Amino acid sequence: MLEIEFKNMLSEAEYHFLMAHFGKVGQALPQTNVYFDTAGNDLKKNRMSLRIRKTVSGFELTLKQPHESGGKLETNQDLSEVDAEKIENLLGFVEGPVKAILNGIGINPDQLNVVGYLVTDRVEFPYEGGTLFLDHSKYNGKEDFELEFEAESYKEGLLTFQSVLAKFQIPVRHGVSKIKRATTP
């Protein structure tokens, strides 16, 4: 699946204002992201990321790879709780498309280590032909707030995202990815 997303960091006040404006106060659902890489940072060197996301609805393994469109190619694999714990505790990697891709690019999944954790309270809802996300994330004793927009098309998504920022007078604040934030002390 091709992921086309736009992100902007928010102040805490902007986050709460947007939550109230969209009527989403109290609707955030927690998710825990567990990030992986090799000791040699082979995924990072290839601009890739690997995570397990734990939500109230289950567990998902996601490998993100760069794509020529400017988006990310996502390979998602549902996991059982047992398989998620097996991977997180470094007791072996499960079979499936993610393992096949890693093996295909010369990364041994059995050499992966946990490199970071990030817990996000997330609200998501349809907006202007895409999905808008309001995130409050906690990691390494820090917290931050972020606005994300996922779209089907880069051009239309960018225009919609820029209009949201302009409408609410939110300055452009490019942040770093969640994995970079979670793995930086």
# chains A, B, ... in the order shown; residues from 1 in each chain; ligands from 1
call {"tool": "residues_around", "arguments": {"residues": "segment 18-24 of chain A", "least_positions_apart": "6", "cutoff": "12 Å", "atoms": "only C-alpha atoms", "output": "PDB file with all heavy atoms, in the first residue's frame"}}
result
ATOM      1  N   LEU A  10       2.466  20.477  16.359  1.00  0.00           N
ATOM      2  CA  LEU A  10       1.527  21.431  16.949  1.00  0.00           C
ATOM      3  C   LEU A  10       1.998  21.829  18.334  1.00  0.00           C
ATOM      4  O   LEU A  10       2.669  21.049  19.024  1.00  0.00           O
ATOM      5  CB  LEU A  10       0.142  20.795  17.096  1.00  0.00           C
ATOM      6  CG  LEU A  10      -0.581  20.327  15.844  1.00  0.00           C
ATOM      7  CD1 LEU A  10      -1.832  19.543  16.224  1.00  0.00           C
ATOM      8  CD2 LEU A  10      -0.924  21.504  14.952  1.00  0.00           C
ATOM      9  N   SER A  11       1.606  23.016  18.759  1.00  0.00           N
ATOM     10  CA  SER A  11       1.772  23.364  20.168  1.00  0.00           C
ATOM     11  C   SER A  11       0.663  22.630  20.933  1.00  0.00           C
ATOM     12  O   SER A  11      -0.324  22.175  20.339  1.00  0.00           O
ATOM     13  CB  SER A  11       1.637  24.869  20.375  1.00  0.00           C
ATOM     14  OG  SER A  11       0.291  25.270  20.151  1.00  0.00           O
ATOM     15  N   GLU A  12       0.814  22.535  22.237  1.00  0.00           N
ATOM     16  CA  GLU A  12      -0.226  21.885  23.035  1.00  0.00           C
ATOM     17  C   GLU A  12      -1.546  22.649  22.911  1.00  0.00           C
ATOM     18  O   GLU A  12      -2.612  22.042  22.797  1.00  0.00           O
ATOM     19  CB  GLU A  12       0.203  21.793  24.498  1.00  0.00           C
ATOM     20  CG  GLU A  12      -0.781  21.044  25.359  1.00  0.00           C
ATOM     21  CD  GLU A  12      -0.292  20.800  26.774  1.00  0.00           C
ATOM     22  OE1 GLU A  12       0.851  21.170  27.112  1.00  0.00           O
ATOM     23  OE2 GLU A  12      -1.068  20.209  27.552  1.00  0.00           O
ATOM     24  N   ASP A 121      -1.657   8.867  21.879  1.00  0.00           N
ATOM     25  CA  ASP A 121      -3.111   8.954  21.976  1.00  0.00           C
ATOM     26  C   ASP A 121      -3.547   9.586  20.673  1.00  0.00           C
ATOM     27  O   ASP A 121      -3.175  10.729  20.369  1.00  0.00           O
ATOM     28  CB  ASP A 121      -3.532   9.809  23.175  1.00  0.00           C
ATOM     29  CG  ASP A 121      -3.241   9.116  24.495  1.00  0.00           C
ATOM     30  OD1 ASP A 121      -3.354   7.881  24.557  1.00  0.00           O
ATOM     31  OD2 ASP A 121      -2.887   9.815  25.461  1.00  0.00           O
ATOM     32  N   ARG A 122      -4.310   8.840  19.874  1.00  0.00           N
ATOM     33  CA  ARG A 122      -4.623   9.259  18.502  1.00  0.00           C
ATOM     34  C   ARG A 122      -6.121   9.379  18.287  1.00  0.00           C
ATOM     35  O   ARG A 122      -6.902   8.517  18.671  1.00  0.00           O
ATOM     36  CB  ARG A 122      -4.057   8.252  17.511  1.00  0.00           C
ATOM     37  CG  ARG A 122      -4.547   8.433  16.076  1.00  0.00           C
ATOM     38  CD  ARG A 122      -3.798   7.619  15.096  1.00  0.00           C
ATOM     39  NE  ARG A 122      -2.617   8.383  14.669  1.00  0.00           N
ATOM     40  CZ  ARG A 122      -1.797   7.999  13.709  1.00  0.00           C
ATOM     41  NH1 ARG A 122      -1.984   6.857  13.087  1.00  0.00           N
ATOM     42  NH2 ARG A 122      -0.773   8.758  13.377  1.00  0.00           N
ATOM     43  N   VAL A 123      -6.482  10.464  17.614  1.00  0.00           N
ATOM     44  CA  VAL A 123      -7.835  10.650  17.105  1.00  0.00           C
ATOM     45  C   VAL A 123      -7.711  10.682  15.592  1.00  0.00           C
ATOM     46  O   VAL A 123      -6.836  11.359  15.052  1.00  0.00           O
ATOM     47  CB  VAL A 123      -8.450  11.978  17.603  1.00  0.00           C
ATOM     48  CG1 VAL A 123      -9.768  12.252  16.903  1.00  0.00           C
ATOM     49  CG2 VAL A 123      -8.640  11.945  19.100  1.00  0.00           C
ATOM     50  N   GLU A 124      -8.547   9.922  14.904  1.00  0.00           N
ATOM     51  CA  GLU A 124      -8.547   9.959  13.445  1.00  0.00           C
ATOM     52  C   GLU A 124      -9.977  10.046  12.946  1.00  0.00           C
ATOM     53  O   GLU A 124     -10.884   9.481  13.548  1.00  0.00           O
ATOM     54  CB  GLU A 124      -7.819   8.762  12.839  1.00  0.00           C
ATOM     55  CG  GLU A 124      -8.498   7.424  13.021  1.00  0.00           C
ATOM     56  CD  GLU A 124      -7.722   6.307  12.353  1.00  0.00           C
ATOM     57  OE1 GLU A 124      -6.769   5.811  12.966  1.00  0.00           O
ATOM     58  OE2 GLU A 124      -8.102   5.921  11.220  1.00  0.00           O
ATOM     59  N   PHE A 125     -10.138  10.785  11.829  1.00  0.00           N
ATOM     60  CA  PHE A 125     -11.470  10.928  11.271  1.00  0.00           C
ATOM     61  C   PHE A 125     -11.363  11.362   9.810  1.00  0.00           C
ATOM     62  O   PHE A 125     -10.376  11.983   9.406  1.00  0.00           O
ATOM     63  CB  PHE A 125     -12.317  11.928  12.086  1.00  0.00           C
ATOM     64  CG  PHE A 125     -11.654  13.247  12.337  1.00  0.00           C
ATOM     65  CD1 PHE A 125     -11.903  14.335  11.510  1.00  0.00           C
ATOM     66  CD2 PHE A 125     -10.780  13.412  13.403  1.00  0.00           C
ATOM     67  CE1 PHE A 125     -11.304  15.556  11.745  1.00  0.00           C
ATOM     68  CE2 PHE A 125     -10.175  14.635  13.641  1.00  0.00           C
ATOM     69  CZ  PHE A 125     -10.433  15.703  12.809  1.00  0.00           C
ATOM     70  N   PRO A 126     -12.376  11.021   9.011  1.00  0.00           N
ATOM     71  CA  PRO A 126     -12.373  11.426   7.607  1.00  0.00           C
ATOM     72  C   PRO A 126     -12.419  12.948   7.497  1.00  0.00           C
ATOM     73  O   PRO A 126     -13.107  13.616   8.282  1.00  0.00           O
ATOM     74  CB  PRO A 126     -13.665  10.825   7.043  1.00  0.00           C
ATOM     75  CG  PRO A 126     -14.177   9.894   8.070  1.00  0.00           C
ATOM     76  CD  PRO A 126     -13.565  10.267   9.375  1.00  0.00           C
ATOM     77  N   TYR A 127     -11.671  13.463   6.513  1.00  0.00           N
ATOM     78  CA  TYR A 127     -11.647  14.908   6.303  1.00  0.00           C
ATOM     79  C   TYR A 127     -11.280  15.191   4.854  1.00  0.00           C
ATOM     80  O   TYR A 127     -10.207  14.777   4.397  1.00  0.00           O
ATOM     81  CB  TYR A 127     -10.637  15.570   7.249  1.00  0.00           C
ATOM     82  CG  TYR A 127     -10.610  17.071   7.132  1.00  0.00           C
ATOM     83  CD1 TYR A 127     -11.544  17.849   7.792  1.00  0.00           C
ATOM     84  CD2 TYR A 127      -9.651  17.695   6.350  1.00  0.00           C
ATOM     85  CE1 TYR A 127     -11.526  19.240   7.682  1.00  0.00           C
ATOM     86  CE2 TYR A 127      -9.625  19.089   6.228  1.00  0.00           C
ATOM     87  CZ  TYR A 127     -10.563  19.851   6.901  1.00  0.00           C
ATOM     88  OH  TYR A 127     -10.546  21.210   6.785  1.00  0.00           O
ATOM     89  N   LEU A 132      -7.692  12.695   8.697  1.00  0.00           N
ATOM     90  CA  LEU A 132      -6.970  13.626   9.555  1.00  0.00           C
ATOM     91  C   LEU A 132      -6.687  12.930  10.881  1.00  0.00           C
ATOM     92  O   LEU A 132      -7.538  12.219  11.414  1.00  0.00           O
ATOM     93  CB  LEU A 132      -7.821  14.880   9.774  1.00  0.00           C
ATOM     94  CG  LEU A 132      -7.119  16.141  10.220  1.00  0.00           C
ATOM     95  CD1 LEU A 132      -6.095  16.601   9.186  1.00  0.00           C
ATOM     96  CD2 LEU A 132      -8.133  17.253  10.442  1.00  0.00           C
ATOM     97  N   PHE A 133      -5.475  13.136  11.396  1.00  0.00           N
ATOM     98  CA  PHE A 133      -5.049  12.530  12.658  1.00  0.00           C
ATOM     99  C   PHE A 133      -4.569  13.629  13.594  1.00  0.00           C
ATOM    100  O   PHE A 133      -3.825  14.517  13.182  1.00  0.00           O
ATOM    101  CB  PHE A 133      -3.877  11.569  12.440  1.00  0.00           C
ATOM    102  CG  PHE A 133      -4.166  10.440  11.502  1.00  0.00           C
ATOM    103  CD1 PHE A 133      -3.968  10.585  10.142  1.00  0.00           C
ATOM    104  CD2 PHE A 133      -4.619   9.226  11.988  1.00  0.00           C
ATOM    105  CE1 PHE A 133      -4.225   9.537   9.267  1.00  0.00           C
ATOM    106  CE2 PHE A 133      -4.880   8.172  11.120  1.00  0.00           C
ATOM    107  CZ  PHE A 133      -4.685   8.329   9.762  1.00  0.00           C
ATOM    108  N   LEU A 134      -4.969  13.550  14.841  1.00  0.00           N
ATOM    109  CA  LEU A 134      -4.447  14.410  15.898  1.00  0.00           C
ATOM    110  C   LEU A 134      -3.756  13.489  16.895  1.00  0.00           C
ATOM    111  O   LEU A 134      -4.395  12.609  17.484  1.00  0.00           O
ATOM    112  CB  LEU A 134      -5.574  15.197  16.568  1.00  0.00           C
ATOM    113  CG  LEU A 134      -6.260  16.229  15.691  1.00  0.00           C
ATOM    114  CD1 LEU A 134      -7.549  16.725  16.341  1.00  0.00           C
ATOM    115  CD2 LEU A 134      -5.324  17.386  15.392  1.00  0.00           C
ATOM    116  N   ASP A 135      -2.448  13.679  17.066  1.00  0.00           N
ATOM    117  CA  ASP A 135      -1.637  12.789  17.895  1.00  0.00           C
ATOM    118  C   ASP A 135      -1.011  13.521  19.073  1.00  0.00           C
ATOM    119  O   ASP A 135      -0.469  14.616  18.913  1.00  0.00           O
ATOM    120  CB  ASP A 135      -0.493  12.184  17.069  1.00  0.00           C
ATOM    121  CG  ASP A 135      -0.957  11.155  16.046  1.00  0.00           C
ATOM    122  OD1 ASP A 135      -2.115  10.725  16.121  1.00  0.00           O
ATOM    123  OD2 ASP A 135      -0.139  10.793  15.189  1.00  0.00           O
ATOM    124  N   HIS A 136      -1.069  12.880  20.230  1.00  0.00           N
ATOM    125  CA  HIS A 136      -0.339  13.318  21.423  1.00  0.00           C
ATOM    126  C   HIS A 136       0.583  12.155  21.763  1.00  0.00           C
ATOM    127  O   HIS A 136       0.119  11.085  22.175  1.00  0.00           O
ATOM    128  CB  HIS A 136      -1.314  13.611  22.566  1.00  0.00           C
ATOM    129  CG  HIS A 136      -0.640  13.946  23.851  1.00  0.00           C
ATOM    130  ND1 HIS A 136      -1.305  13.916  25.058  1.00  0.00           N
ATOM    131  CD2 HIS A 136       0.629  14.334  24.156  1.00  0.00           C
ATOM    132  CE1 HIS A 136      -0.488  14.254  26.030  1.00  0.00           C
ATOM    133  NE2 HIS A 136       0.694  14.509  25.498  1.00  0.00           N
ATOM    134  N   PHE A 145       2.937  17.022  20.124  1.00  0.00           N
ATOM    135  CA  PHE A 145       1.619  17.031  19.495  1.00  0.00           C
ATOM    136  C   PHE A 145       1.815  17.193  18.002  1.00  0.00           C
ATOM    137  O   PHE A 145       2.684  17.944  17.557  1.00  0.00           O
ATOM    138  CB  PHE A 145       0.780  18.181  20.065  1.00  0.00           C
ATOM    139  CG  PHE A 145       0.657  18.117  21.564  1.00  0.00           C
ATOM    140  CD1 PHE A 145       1.599  18.724  22.378  1.00  0.00           C
ATOM    141  CD2 PHE A 145      -0.381  17.413  22.152  1.00  0.00           C
ATOM    142  CE1 PHE A 145       1.507  18.646  23.760  1.00  0.00           C
ATOM    143  CE2 PHE A 145      -0.481  17.323  23.534  1.00  0.00           C
ATOM    144  CZ  PHE A 145       0.463  17.947  24.345  1.00  0.00           C
ATOM    145  N   GLU A 146       0.983  16.488  17.229  1.00  0.00           N
ATOM    146  CA  GLU A 146       1.197  16.464  15.786  1.00  0.00           C
ATOM    147  C   GLU A 146      -0.136  16.367  15.051  1.00  0.00           C
ATOM    148  O   GLU A 146      -1.072  15.713  15.512  1.00  0.00           O
ATOM    149  CB  GLU A 146       2.075  15.252  15.458  1.00  0.00           C
ATOM    150  CG  GLU A 146       2.520  15.125  14.044  1.00  0.00           C
ATOM    151  CD  GLU A 146       3.502  13.968  13.864  1.00  0.00           C
ATOM    152  OE1 GLU A 146       3.373  12.931  14.546  1.00  0.00           O
ATOM    153  OE2 GLU A 146       4.385  14.107  13.022  1.00  0.00           O
ATOM    154  N   LEU A 147      -0.170  17.004  13.896  1.00  0.00           N
ATOM    155  CA  LEU A 147      -1.291  16.913  12.978  1.00  0.00           C
ATOM    156  C   LEU A 147      -0.799  16.148  11.757  1.00  0.00           C
ATOM    157  O   LEU A 147       0.277  16.445  11.229  1.00  0.00           O
ATOM    158  CB  LEU A 147      -1.738  18.322  12.559  1.00  0.00           C
ATOM    159  CG  LEU A 147      -2.820  18.425  11.501  1.00  0.00           C
ATOM    160  CD1 LEU A 147      -4.155  17.930  12.041  1.00  0.00           C
ATOM    161  CD2 LEU A 147      -2.941  19.880  11.029  1.00  0.00           C
ATOM    162  N   VAL A 164      -5.727  23.435   5.726  1.00  0.00           N
ATOM    163  CA  VAL A 164      -6.010  23.228   7.153  1.00  0.00           C
ATOM    164  C   VAL A 164      -5.094  24.122   7.985  1.00  0.00           C
ATOM    165  O   VAL A 164      -5.551  24.817   8.906  1.00  0.00           O
ATOM    166  CB  VAL A 164      -5.831  21.747   7.567  1.00  0.00           C
ATOM    167  CG1 VAL A 164      -5.874  21.582   9.080  1.00  0.00           C
ATOM    168  CG2 VAL A 164      -6.879  20.872   6.910  1.00  0.00           C
ATOM    169  N   LEU A 165      -3.806  24.114   7.661  1.00  0.00           N
ATOM    170  CA  LEU A 165      -2.861  24.943   8.414  1.00  0.00           C
ATOM    171  C   LEU A 165      -3.240  26.421   8.303  1.00  0.00           C
ATOM    172  O   LEU A 165      -3.236  27.150   9.301  1.00  0.00           O
ATOM    173  CB  LEU A 165      -1.432  24.721   7.918  1.00  0.00           C
ATOM    174  CG  LEU A 165      -0.851  23.320   8.137  1.00  0.00           C
ATOM    175  CD1 LEU A 165       0.555  23.231   7.548  1.00  0.00           C
ATOM    176  CD2 LEU A 165      -0.859  22.922   9.602  1.00  0.00           C
ATOM    177  N   LYS A 167      -6.236  27.750   7.505  1.00  0.00           N
ATOM    178  CA  LYS A 167      -7.543  28.004   8.123  1.00  0.00           C
ATOM    179  C   LYS A 167      -7.421  28.228   9.628  1.00  0.00           C
ATOM    180  O   LYS A 167      -8.090  29.089  10.199  1.00  0.00           O
ATOM    181  CB  LYS A 167      -8.489  26.829   7.837  1.00  0.00           C
ATOM    182  CG  LYS A 167      -9.853  26.945   8.477  1.00  0.00           C
ATOM    183  CD  LYS A 167     -10.723  25.763   8.120  1.00  0.00           C
ATOM    184  CE  LYS A 167     -12.087  25.870   8.769  1.00  0.00           C
ATOM    185  NZ  LYS A 167     -12.948  24.742   8.388  1.00  0.00           N
ATOM    186  N   PHE A 168      -6.552  27.432  10.271  1.00  0.00           N
ATOM    187  CA  PHE A 168      -6.413  27.519  11.720  1.00  0.00           C
ATOM    188  C   PHE A 168      -5.184  28.327  12.145  1.00  0.00           C
ATOM    189  O   PHE A 168      -4.833  28.344  13.318  1.00  0.00           O
ATOM    190  CB  PHE A 168      -6.408  26.122  12.335  1.00  0.00           C
ATOM    191  CG  PHE A 168      -7.708  25.405  12.113  1.00  0.00           C
ATOM    192  CD1 PHE A 168      -7.805  24.392  11.178  1.00  0.00           C
ATOM    193  CD2 PHE A 168      -8.851  25.776  12.816  1.00  0.00           C
ATOM    194  CE1 PHE A 168      -9.017  23.737  10.956  1.00  0.00           C
ATOM    195  CE2 PHE A 168     -10.060  25.134  12.604  1.00  0.00           C
ATOM    196  CZ  PHE A 168     -10.142  24.112  11.671  1.00  0.00           C
ATOM    197  N   GLN A 169      -4.543  28.983  11.171  1.00  0.00           N
ATOM    198  CA  GLN A 169      -3.383  29.835  11.416  1.00  0.00           C
ATOM    199  C   GLN A 169      -2.291  29.096  12.203  1.00  0.00           C
ATOM    200  O   GLN A 169      -1.734  29.616  13.170  1.00  0.00           O
ATOM    201  CB  GLN A 169      -3.806  31.119  12.130  1.00  0.00           C
ATOM    202  CG  GLN A 169      -4.792  31.926  11.322  1.00  0.00           C
ATOM    203  CD  GLN A 169      -5.276  33.169  12.026  1.00  0.00           C
ATOM    204  OE1 GLN A 169      -5.061  33.371  13.207  1.00  0.00           O
ATOM    205  NE2 GLN A 169      -5.954  34.029  11.283  1.00  0.00           N
ATOM    206  N   ILE A 170      -1.998  27.895  11.735  1.00  0.00           N
ATOM    207  CA  ILE A 170      -0.949  27.082  12.349  1.00  0.00           C
ATOM    208  C   ILE A 170       0.316  27.219  11.511  1.00  0.00           C
ATOM    209  O   ILE A 170       0.296  26.924  10.315  1.00  0.00           O
ATOM    210  CB  ILE A 170      -1.386  25.606  12.439  1.00  0.00           C
ATOM    211  CG1 ILE A 170      -2.624  25.481  13.334  1.00  0.00           C
ATOM    212  CG2 ILE A 170      -0.245  24.741  12.952  1.00  0.00           C
ATOM    213  CD1 ILE A 170      -3.266  24.119  13.323  1.00  0.00           C
TER     214      ILE A 170
END
call {"tool": "select_by_dssp", "arguments": {"residues": "segment 144-181 of chain A", "states": "strand (DSSP E or B)", "output": "PDB file with N, CA and C atoms, in the first residue's frame"}}
result
ATOM      1  N   ASP A 144       4.875  15.333  22.682  1.00  0.00           N
ATOM      2  CA  ASP A 144       4.643  16.314  21.631  1.00  0.00           C
ATOM      3  C   ASP A 144       3.283  16.092  21.007  1.00  0.00           C
ATOM      4  N   PHE A 145       2.937  17.022  20.124  1.00  0.00           N
ATOM      5  CA  PHE A 145       1.619  17.031  19.495  1.00  0.00           C
ATOM      6  C   PHE A 145       1.815  17.193  18.002  1.00  0.00           C
ATOM      7  N   GLU A 146       0.983  16.488  17.229  1.00  0.00           N
ATOM      8  CA  GLU A 146       1.197  16.464  15.786  1.00  0.00           C
ATOM      9  C   GLU A 146      -0.136  16.367  15.051  1.00  0.00           C
ATOM     10  N   LEU A 147      -0.170  17.004  13.896  1.00  0.00           N
ATOM     11  CA  LEU A 147      -1.291  16.913  12.978  1.00  0.00           C
ATOM     12  C   LEU A 147      -0.799  16.148  11.757  1.00  0.00           C
ATOM     13  N   GLU A 148      -1.558  15.140  11.331  1.00  0.00           N
ATOM     14  CA  GLU A 148      -1.214  14.376  10.133  1.00  0.00           C
ATOM     15  C   GLU A 148      -2.433  14.338   9.219  1.00  0.00           C
ATOM     16  N   PHE A 149      -2.153  14.258   7.929  1.00  0.00           N
ATOM     17  CA  PHE A 149      -3.220  14.088   6.955  1.00  0.00           C
ATOM     18  C   PHE A 149      -2.770  13.052   5.939  1.00  0.00           C
ATOM     19  N   GLU A 150      -3.557  12.003   5.756  1.00  0.00           N
ATOM     20  CA  GLU A 150      -3.282  10.978   4.742  1.00  0.00           C
ATOM     21  C   GLU A 150      -4.234  11.192   3.587  1.00  0.00           C
ATOM     22  N   ALA A 151      -3.682  11.098   2.372  1.00  0.00           N
ATOM     23  CA  ALA A 151      -4.471  11.357   1.174  1.00  0.00           C
ATOM     24  C   ALA A 151      -4.193  10.306   0.116  1.00  0.00           C
TER      25      ALA A 151
END
call {"tool": "atom_distance", "arguments": {"atom1": "atom CA of Lys7 of chain A", "atom2": "atom CA of Gly26 of chain A"}}
result
22.0 Å
call {"tool": "residues_around", "arguments": {"residues": "Leu63 of chain A", "least_positions_apart": "3", "cutoff": "6 Å", "atoms": "only C-alpha atoms", "output": "VMD selection string"}}
result
chain A and resid 49 to 50 74 to 75
call {"tool": "atom_distance", "arguments": {"atom1": "atom CA of Ser57 of chain A", "atom2": "atom CA of Ala100 of chain A"}}
result
25.2 Å
call {"tool": "select_by_dssp", "arguments": {"residues": "chain A", "states": "helix (DSSP H, G or I)", "output": "PyMOL selection string"}}
result
chain A and resi 12-21+42-45+81-88+97-104+109-111+154-167+178-182
call {"tool": "residues_around", "arguments": {"residues": "Gly71 of chain A", "least_positions_apart": "2", "cutoff": "9 Å", "atoms": "only C-alpha atoms", "output": "list in words"}}
result
Leu2, Glu3, Ile4, Glu5, Gln65, Pro66, His67, Glu68, Ser69, Leu73 and Tyr154 of chain A
call {"tool": "atom_distance", "arguments": {"atom1": "atom CA of Ala166 of chain A", "atom2": "atom CA of Leu29 of chain A"}}
result
26.9 Å
call {"tool": "residues_around", "arguments": {"residues": "segment 79-91 of chain A", "least_positions_apart": "6", "cutoff": "10 Å", "atoms": "only C-alpha atoms", "output": "number ranges by chain"}}
result
A: 34-36, 51-54, 58-61, 109-114
call {"tool": "write_last_selection", "arguments": {"atoms": "N, CA, C and O atoms", "output": "PDB file, in the first residue's frame"}}
result
ATOM      1  N   VAL A  34       6.382  -0.046  18.768  1.00  0.00           N
ATOM      2  CA  VAL A  34       7.670  -0.629  19.116  1.00  0.00           C
ATOM      3  C   VAL A  34       8.492  -0.648  17.834  1.00  0.00           C
ATOM      4  O   VAL A  34       8.076  -1.255  16.840  1.00  0.00           O
ATOM      5  N   TYR A  35       9.634   0.036  17.836  1.00  0.00           N
ATOM      6  CA  TYR A  35      10.453   0.181  16.628  1.00  0.00           C
ATOM      7  C   TYR A  35      11.668  -0.737  16.683  1.00  0.00           C
ATOM      8  O   TYR A  35      12.237  -0.960  17.754  1.00  0.00           O
ATOM      9  N   PHE A  36      12.062  -1.199  15.487  1.00  0.00           N
ATOM     10  CA  PHE A  36      13.159  -2.163  15.363  1.00  0.00           C
ATOM     11  C   PHE A  36      14.182  -1.705  14.337  1.00  0.00           C
ATOM     12  O   PHE A  36      13.857  -1.018  13.374  1.00  0.00           O
ATOM     13  N   ARG A  51       7.973  -1.428  12.554  1.00  0.00           N
ATOM     14  CA  ARG A  51       7.349  -1.279  13.866  1.00  0.00           C
ATOM     15  C   ARG A  51       6.269  -2.328  14.062  1.00  0.00           C
ATOM     16  O   ARG A  51       5.706  -2.854  13.101  1.00  0.00           O
ATOM     17  N   ILE A  52       5.971  -2.552  15.334  1.00  0.00           N
ATOM     18  CA  ILE A  52       4.745  -3.230  15.739  1.00  0.00           C
ATOM     19  C   ILE A  52       3.890  -2.161  16.386  1.00  0.00           C
ATOM     20  O   ILE A  52       4.365  -1.420  17.247  1.00  0.00           O
ATOM     21  N   ARG A  53       2.651  -2.067  15.943  1.00  0.00           N
ATOM     22  CA  ARG A  53       1.700  -1.126  16.541  1.00  0.00           C
ATOM     23  C   ARG A  53       0.661  -1.933  17.294  1.00  0.00           C
ATOM     24  O   ARG A  53       0.008  -2.815  16.728  1.00  0.00           O
ATOM     25  N   LYS A  54       0.534  -1.608  18.588  1.00  0.00           N
ATOM     26  CA  LYS A  54      -0.460  -2.256  19.446  1.00  0.00           C
ATOM     27  C   LYS A  54      -1.587  -1.267  19.672  1.00  0.00           C
ATOM     28  O   LYS A  54      -1.363  -0.157  20.159  1.00  0.00           O
ATOM     29  N   GLY A  58      -5.942  -4.635  18.046  1.00  0.00           N
ATOM     30  CA  GLY A  58      -5.019  -5.713  17.734  1.00  0.00           C
ATOM     31  C   GLY A  58      -3.593  -5.256  17.529  1.00  0.00           C
ATOM     32  O   GLY A  58      -3.187  -4.178  17.977  1.00  0.00           O
ATOM     33  N   PHE A  59      -2.842  -6.083  16.809  1.00  0.00           N
ATOM     34  CA  PHE A  59      -1.414  -5.886  16.613  1.00  0.00           C
ATOM     35  C   PHE A  59      -1.108  -5.916  15.118  1.00  0.00           C
ATOM     36  O   PHE A  59      -1.616  -6.774  14.401  1.00  0.00           O
ATOM     37  N   GLU A  60      -0.249  -4.982  14.683  1.00  0.00           N
ATOM     38  CA  GLU A  60       0.100  -4.921  13.267  1.00  0.00           C
ATOM     39  C   GLU A  60       1.595  -4.653  13.124  1.00  0.00           C
ATOM     40  O   GLU A  60       2.146  -3.767  13.772  1.00  0.00           O
ATOM     41  N   LEU A  61       2.216  -5.416  12.256  1.00  0.00           N
ATOM     42  CA  LEU A  61       3.617  -5.239  11.900  1.00  0.00           C
ATOM     43  C   LEU A  61       3.658  -4.429  10.616  1.00  0.00           C
ATOM     44  O   LEU A  61       2.953  -4.753   9.660  1.00  0.00           O
ATOM     45  N   PRO A 109      15.985 -10.852   9.677  1.00  0.00           N
ATOM     46  CA  PRO A 109      15.045 -10.435  10.723  1.00  0.00           C
ATOM     47  C   PRO A 109      15.442 -10.910  12.122  1.00  0.00           C
ATOM     48  O   PRO A 109      15.060 -10.287  13.111  1.00  0.00           O
ATOM     49  N   ASP A 110      16.221 -11.982  12.196  1.00  0.00           N
ATOM     50  CA  ASP A 110      16.641 -12.474  13.506  1.00  0.00           C
ATOM     51  C   ASP A 110      17.730 -11.603  14.130  1.00  0.00           C
ATOM     52  O   ASP A 110      18.107 -11.814  15.278  1.00  0.00           O
ATOM     53  N   GLN A 111      18.240 -10.630  13.378  1.00  0.00           N
ATOM     54  CA  GLN A 111      19.251  -9.718  13.915  1.00  0.00           C
ATOM     55  C   GLN A 111      18.661  -8.365  14.313  1.00  0.00           C
ATOM     56  O   GLN A 111      19.397  -7.424  14.604  1.00  0.00           O
ATOM     57  N   LEU A 112      17.347  -8.282  14.331  1.00  0.00           N
ATOM     58  CA  LEU A 112      16.690  -7.037  14.721  1.00  0.00           C
ATOM     59  C   LEU A 112      16.685  -6.869  16.234  1.00  0.00           C
ATOM     60  O   LEU A 112      16.630  -7.853  16.980  1.00  0.00           O
ATOM     61  N   ASN A 113      16.747  -5.621  16.665  1.00  0.00           N
ATOM     62  CA  ASN A 113      16.664  -5.255  18.076  1.00  0.00           C
ATOM     63  C   ASN A 113      15.587  -4.189  18.235  1.00  0.00           C
ATOM     64  O   ASN A 113      15.302  -3.439  17.303  1.00  0.00           O
ATOM     65  N   VAL A 114      15.025  -4.102  19.436  1.00  0.00           N
ATOM     66  CA  VAL A 114      14.108  -3.008  19.752  1.00  0.00           C
ATOM     67  C   VAL A 114      14.954  -1.753  19.916  1.00  0.00           C
ATOM     68  O   VAL A 114      15.931  -1.747  20.663  1.00  0.00           O
TER      69      VAL A 114
END
call {"tool": "residues_around", "arguments": {"residues": "Pro30 of chain A", "least_positions_apart": "2", "cutoff": "8 Å", "atoms": "only C-alpha atoms", "output": "VMD selection string"}}
result
chain A and resid 28 32 55 to 56 119 to 122
call {"tool": "residues_around", "arguments": {"residues": "Gly141 of chain A", "least_positions_apart": "3", "cutoff": "12 Å", "atoms": "only C-alpha atoms", "output": "list in words"}}
result
Tyr117, Leu118, Val119, Ser137, Lys138, Asp144, Arg181, Ala182, Thr183, Thr184 and Pro185 of chain A
